[in-house]
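Below: protein01.pdb (PDB, C-alpha atoms)
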```pdb
MODEL        1
ATOM      1  CA  MET H   1      21.708   8.137  80.545
ATOM      2  CA  THR H   2      23.904   6.562  77.899
ATOM      3  CA  LEU H   3      22.716   3.774  75.614
ATOM      4  CA  TYR H   4      26.193   2.726  74.542
ATOM      5  CA  ARG H   5      26.347  -1.084  74.572
ATOM      6  CA  VAL H   6      23.537  -1.469  77.147
ATOM      7  CA  PRO H   7      21.364  -4.498  76.227
ATOM      8  CA  ILE H   8      17.752  -3.394  75.783
ATOM      9  CA  GLY H   9      14.878  -5.888  75.695
ATOM     10  CA  GLY H  10      11.144  -5.816  75.189
ATOM     11  CA  TRP H  11      11.214  -5.952  71.405
ATOM     12  CA  LYS H  12       8.346  -7.520  69.465
ATOM     13  CA  LYS H  13      10.143  -8.379  66.214
ATOM     14  CA  CYS H  14      13.814  -8.689  67.199
ATOM     15  CA  VAL H  15      15.126 -12.239  66.842
ATOM     16  CA  TYR H  16      17.045 -11.795  70.116
ATOM     17  CA  SER H  17      15.628 -11.071  73.555
ATOM     18  CA  ALA H  18      17.846  -7.976  73.827
ATOM     19  CA  ALA H  19      19.944  -5.788  71.560
ATOM     20  CA  ALA H  20      22.763  -3.333  72.325
ATOM     21  CA  PHE H  21      23.444  -0.146  70.389
ATOM     22  CA  GLU H  22      26.393   2.149  69.856
ATOM     23  CA  SER H  23      24.355   5.315  69.355
ATOM     24  CA  ALA H  24      20.975   6.923  69.914
ATOM     25  CA  PRO H  25      20.303   6.927  66.133
ATOM     26  CA  GLU H  26      20.790   3.135  66.023
ATOM     27  CA  TYR H  27      18.376   2.725  68.940
ATOM     28  CA  HIS H  28      15.853   4.992  67.209
ATOM     29  CA  ALA H  29      16.158   2.926  64.001
ATOM     30  CA  ALA H  30      15.492  -0.255  66.007
ATOM     31  CA  LYS H  31      12.321   1.272  67.440
ATOM     32  CA  ILE H  32      11.158   2.151  63.914
ATOM     33  CA  LEU H  33      11.897  -1.372  62.646
ATOM     34  CA  ASP H  34      10.076  -2.914  65.591
ATOM     35  CA  LYS H  35       6.846  -1.000  64.959
ATOM     36  CA  ASP H  36       6.750  -1.053  61.149
ATOM     37  CA  ALA H  37       3.975  -3.263  59.740
ATOM     38  CA  SER H  38       6.108  -4.454  56.789
ATOM     39  CA  VAL H  39       8.892  -5.802  59.041
ATOM     40  CA  VAL H  40       8.562  -9.506  59.849
ATOM     41  CA  TRP H  41      11.732  -9.702  61.977
ATOM     42  CA  TRP H  42      14.962  -7.784  62.515
ATOM     43  CA  LEU H  43      18.308  -8.342  64.155
ATOM     44  CA  ARG H  44      21.079  -6.120  65.389
ATOM     45  CA  ASN H  45      24.168  -7.486  63.646
ATOM     46  CA  ASP H  46      26.295  -7.327  66.780
ATOM     47  CA  PRO H  47      28.460  -9.258  67.147
ATOM     48  CA  ALA H  48      28.788  -9.277  63.389
ATOM     49  CA  GLN H  49      27.420 -12.457  61.871
ATOM     50  CA  PHE H  50      26.832 -10.952  58.450
ATOM     51  CA  ARG H  51      29.783  -9.362  56.647
ATOM     52  CA  ILE H  52      30.316  -8.231  53.074
ATOM     53  CA  PRO H  53      33.897  -8.040  51.765
ATOM     54  CA  THR H  54      34.780  -4.676  50.191
ATOM     55  CA  PRO H  55      38.030  -3.065  48.973
ATOM     56  CA  ALA H  56      38.183  -1.165  52.300
ATOM     57  CA  GLY H  57      37.671  -4.230  54.501
ATOM     58  CA  TYR H  58      34.554  -5.989  55.688
ATOM     59  CA  PHE H  59      31.275  -4.097  55.787
ATOM     60  CA  GLU H  60      29.376  -5.172  58.919
ATOM     61  CA  PRO H  61      25.909  -3.595  58.801
ATOM     62  CA  ASP H  62      23.992  -2.518  61.879
ATOM     63  CA  PHE H  63      20.729  -4.264  60.987
ATOM     64  CA  ILE H  64      19.401  -7.101  58.867
ATOM     65  CA  TYR H  65      15.647  -7.459  58.547
ATOM     66  CA  LEU H  66      12.976  -9.257  56.583
ATOM     67  CA  ALA H  67      10.180  -7.120  55.167
ATOM     68  CA  THR H  68       7.164  -7.941  53.060
ATOM     69  CA  MET H  69       7.097  -5.516  50.144
ATOM     70  CA  LYS H  70       4.831  -5.528  47.099
ATOM     71  CA  GLY H  71       3.694  -9.071  47.831
ATOM     72  CA  SER H  72       7.174 -10.547  48.205
ATOM     73  CA  ASN H  73       9.729 -10.977  50.941
ATOM     74  CA  ARG H  74      12.794  -8.735  50.892
ATOM     75  CA  MET H  75      15.911  -9.119  52.974
ATOM     76  CA  ARG H  76      17.156  -5.659  53.823
ATOM     77  CA  ILE H  77      20.437  -4.341  55.118
ATOM     78  CA  LEU H  78      20.369  -1.099  57.099
ATOM     79  CA  GLU H  79      23.421   0.841  58.218
ATOM     80  CA  ILE H  80      23.142   3.917  60.431
ATOM     81  CA  LYS H  81      26.301   5.983  59.975
ATOM     82  CA  GLY H  82      27.544   8.868  62.101
ATOM     83  CA  GLU H  83      27.948  12.025  60.063
ATOM     84  CA  HIS H  84      31.542  12.390  61.268
ATOM     85  CA  LEU H  85      32.388   9.042  59.629
ATOM     86  CA  TRP H  86      30.751   9.873  56.282
ATOM     87  CA  ASN H  87      33.602  12.092  55.180
ATOM     88  CA  GLY H  88      34.870  12.765  51.707
ATOM     89  CA  PRO H  89      34.843  10.720  48.527
ATOM     90  CA  GLY H  90      36.989   7.628  48.896
ATOM     91  CA  SER H  91      36.542   7.438  52.679
ATOM     92  CA  SER H  92      36.380   3.964  54.179
ATOM     93  CA  ALA H  93      32.694   4.400  55.053
ATOM     94  CA  ARG H  94      31.792   5.386  51.496
ATOM     95  CA  VAL H  95      33.825   2.580  49.905
ATOM     96  CA  LYS H  96      32.238   0.010  52.209
ATOM     97  CA  ALA H  97      28.728   1.365  51.542
ATOM     98  CA  ALA H  98      29.314   1.274  47.784
ATOM     99  CA  GLY H  99      30.542  -2.309  48.137
ATOM    100  CA  ALA H 100      27.420  -3.304  50.070
ATOM    101  CA  ALA H 101      25.144  -1.663  47.486
ATOM    102  CA  ALA H 102      27.024  -3.461  44.681
ATOM    103  CA  TRP H 103      26.671  -6.772  46.563
ATOM    104  CA  ALA H 104      22.894  -6.321  46.918
ATOM    105  CA  LYS H 105      22.607  -5.449  43.225
ATOM    106  CA  ALA H 106      24.685  -8.486  42.214
ATOM    107  CA  VAL H 107      22.548 -10.817  44.338
ATOM    108  CA  HIS H 108      19.430  -9.351  42.719
ATOM    109  CA  GLU H 109      20.848  -9.781  39.224
ATOM    110  CA  ALA H 110      21.595 -13.434  40.036
ATOM    111  CA  LYS H 111      17.805 -13.858  40.404
ATOM    112  CA  THR H 112      17.996 -15.396  43.868
ATOM    113  CA  GLU H 113      15.140 -15.050  46.314
ATOM    114  CA  PRO H 114      14.462 -13.476  48.628
ATOM    115  CA  TYR H 115      15.590 -10.227  47.067
ATOM    116  CA  TRP H 116      18.176  -8.184  48.974
ATOM    117  CA  GLU H 117      18.199  -4.409  49.385
ATOM    118  CA  PHE H 118      20.625  -2.012  51.053
ATOM    119  CA  HIS H 119      20.213   1.417  52.691
ATOM    120  CA  GLU H 120      22.760   3.598  54.476
ATOM    121  CA  VAL H 121      21.256   6.445  56.477
ATOM    122  CA  LEU H 122      23.091   9.158  58.387
ATOM    123  CA  GLY H 123      22.408   9.237  62.119
ATOM    124  CA  GLN H 124      20.787  12.678  62.149
ATOM    125  CA  ASP H 125      18.414  11.588  59.366
ATOM    126  CA  ALA H 126      17.507   8.380  61.195
ATOM    127  CA  GLU H 127      16.672  10.314  64.358
ATOM    128  CA  ALA H 128      14.552  12.823  62.423
ATOM    129  CA  SER H 129      12.447  10.012  60.904
ATOM    130  CA  MET H 130       9.167   8.785  62.291
ATOM    131  CA  THR H 131       8.569   5.880  59.896
ATOM    132  CA  LEU H 132      10.684   3.300  58.130
ATOM    133  CA  GLY H 133       9.721   4.683  54.741
ATOM    134  CA  SER H 134      10.758   8.216  55.644
ATOM    135  CA  MET H 135      14.051   6.963  57.066
ATOM    136  CA  LEU H 136      14.883   4.907  53.960
ATOM    137  CA  ASP H 137      13.979   7.847  51.710
ATOM    138  CA  LYS H 138      16.868   9.738  53.361
ATOM    139  CA  ALA H 139      19.495   7.102  52.515
ATOM    140  CA  VAL H 140      22.797   8.553  51.291
ATOM    141  CA  ILE H 141      23.362   5.385  49.243
ATOM    142  CA  CYS H 142      21.097   2.452  48.531
ATOM    143  CA  PHE H 143      20.135  -0.375  46.256
ATOM    144  CA  GLN H 144      16.424  -1.166  46.013
ATOM    145  CA  VAL H 145      14.789  -3.822  43.902
ATOM    146  CA  PRO H 146      13.201  -2.046  40.936
TER     147      PRO H 146
ENDMDL
END
```
Any chance you could give the structure as structure tokens?
Amino acid sequence: MTLYRVPIGGWKKCVYSAAAFESAPEYHAAKILDKDASVVWWLRNDPAQFRIPTPAGYFEPDFIYLATMKGSNRMRILEIKGEHLWNGPGSSARVKAAGAAAWAKAVHEAKTEPYWEFHEVLGQDAEASMTLGSMLDKAVICFQVP
């Protein structure tokens, strides 16, 4: 059975009644978000409603979610990236990820709330994770509020 673009419902914390995915790692990440106690809500950013301009074009993350961390709310951006797309320094995927991390850092430095964070995780690492914390620990690039 293929999951590609098939709307799947039954979520507890998704803001939509159904979400479609482009890969099994994205679907696995959604299941982790849906069961994590820190996650208040999440959305699959498809079609893209949230975009960050970068030198390599718009970065359109897979997920946006609100989490309660250390007594405060954090908006988080999560991108699940296929290993075959994470190729070489200067690749489009790496430039876009760096742009998203820089955006999250800039928003934080502007002292706006809620705080924003960014994590990009490779698909194989997302699928090997059982919890949100373990998945985020495997991020290939991130910005987290200190």
Translate the PyMOL selection byres ((chain H and resi 101-107) around 12), as applied to the file shown, into an explicit residue set as a PyMOL selection string. chain H and resi 51-55+59+61+74-79+94-100+108-120+139-146
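Note that the spacing between CA of Ser92 (chain H) and CA of Ala48 (chain H) amounts to 17.8 Å.
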For this structure, which residues satisfy the selection - the PyMOL selection byres ((chain H and resi 41) around 9) - when it is evaluated on the file as given? I want them as a PyMOL selection string. chain H and resi 12-15+33-34+39-40+42-43+64-67
Let me know the residues the PyMOL selection byres ((chain H and resi 28) around 12) catches in the file above, as a ChimeraX atom specification. /H:3,20-27,29-35,80,123-132,135
Quick one: 3 Å padding each side, axis-aligned, all listed atoms of region 116-122 of chain H - centre and edge lengths in Å to one decimal, as JSON?
```
{"center_x": 20.6, "center_y": 0.5, "center_z": 53.7, "size_x": 10.9, "size_y": 23.3, "size_z": 15.4}
```
Counting only C-alpha atoms, the residue of H:Asp36, H:Glu83, H:Asp46, H:Glu60 that sits nearest Tyr16 (chain H): H:Asp46
What is the CA of Ser72 (chain H)-CA of Ser134 (chain H) distance in Å, reported with one decimal? 20.5 Å
Work out how far apart CA of Asp137 (chain H) and CA of Ser17 (chain H) are and give it in Å to one decimal. 28.9 Å
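You can rank H:Gly71, H:Phe50, H:Tyr4, H:Lys138 by their closest distance to Ala19 (chain H) using only C-alpha atoms, and at the top of that list sits H:Tyr4.
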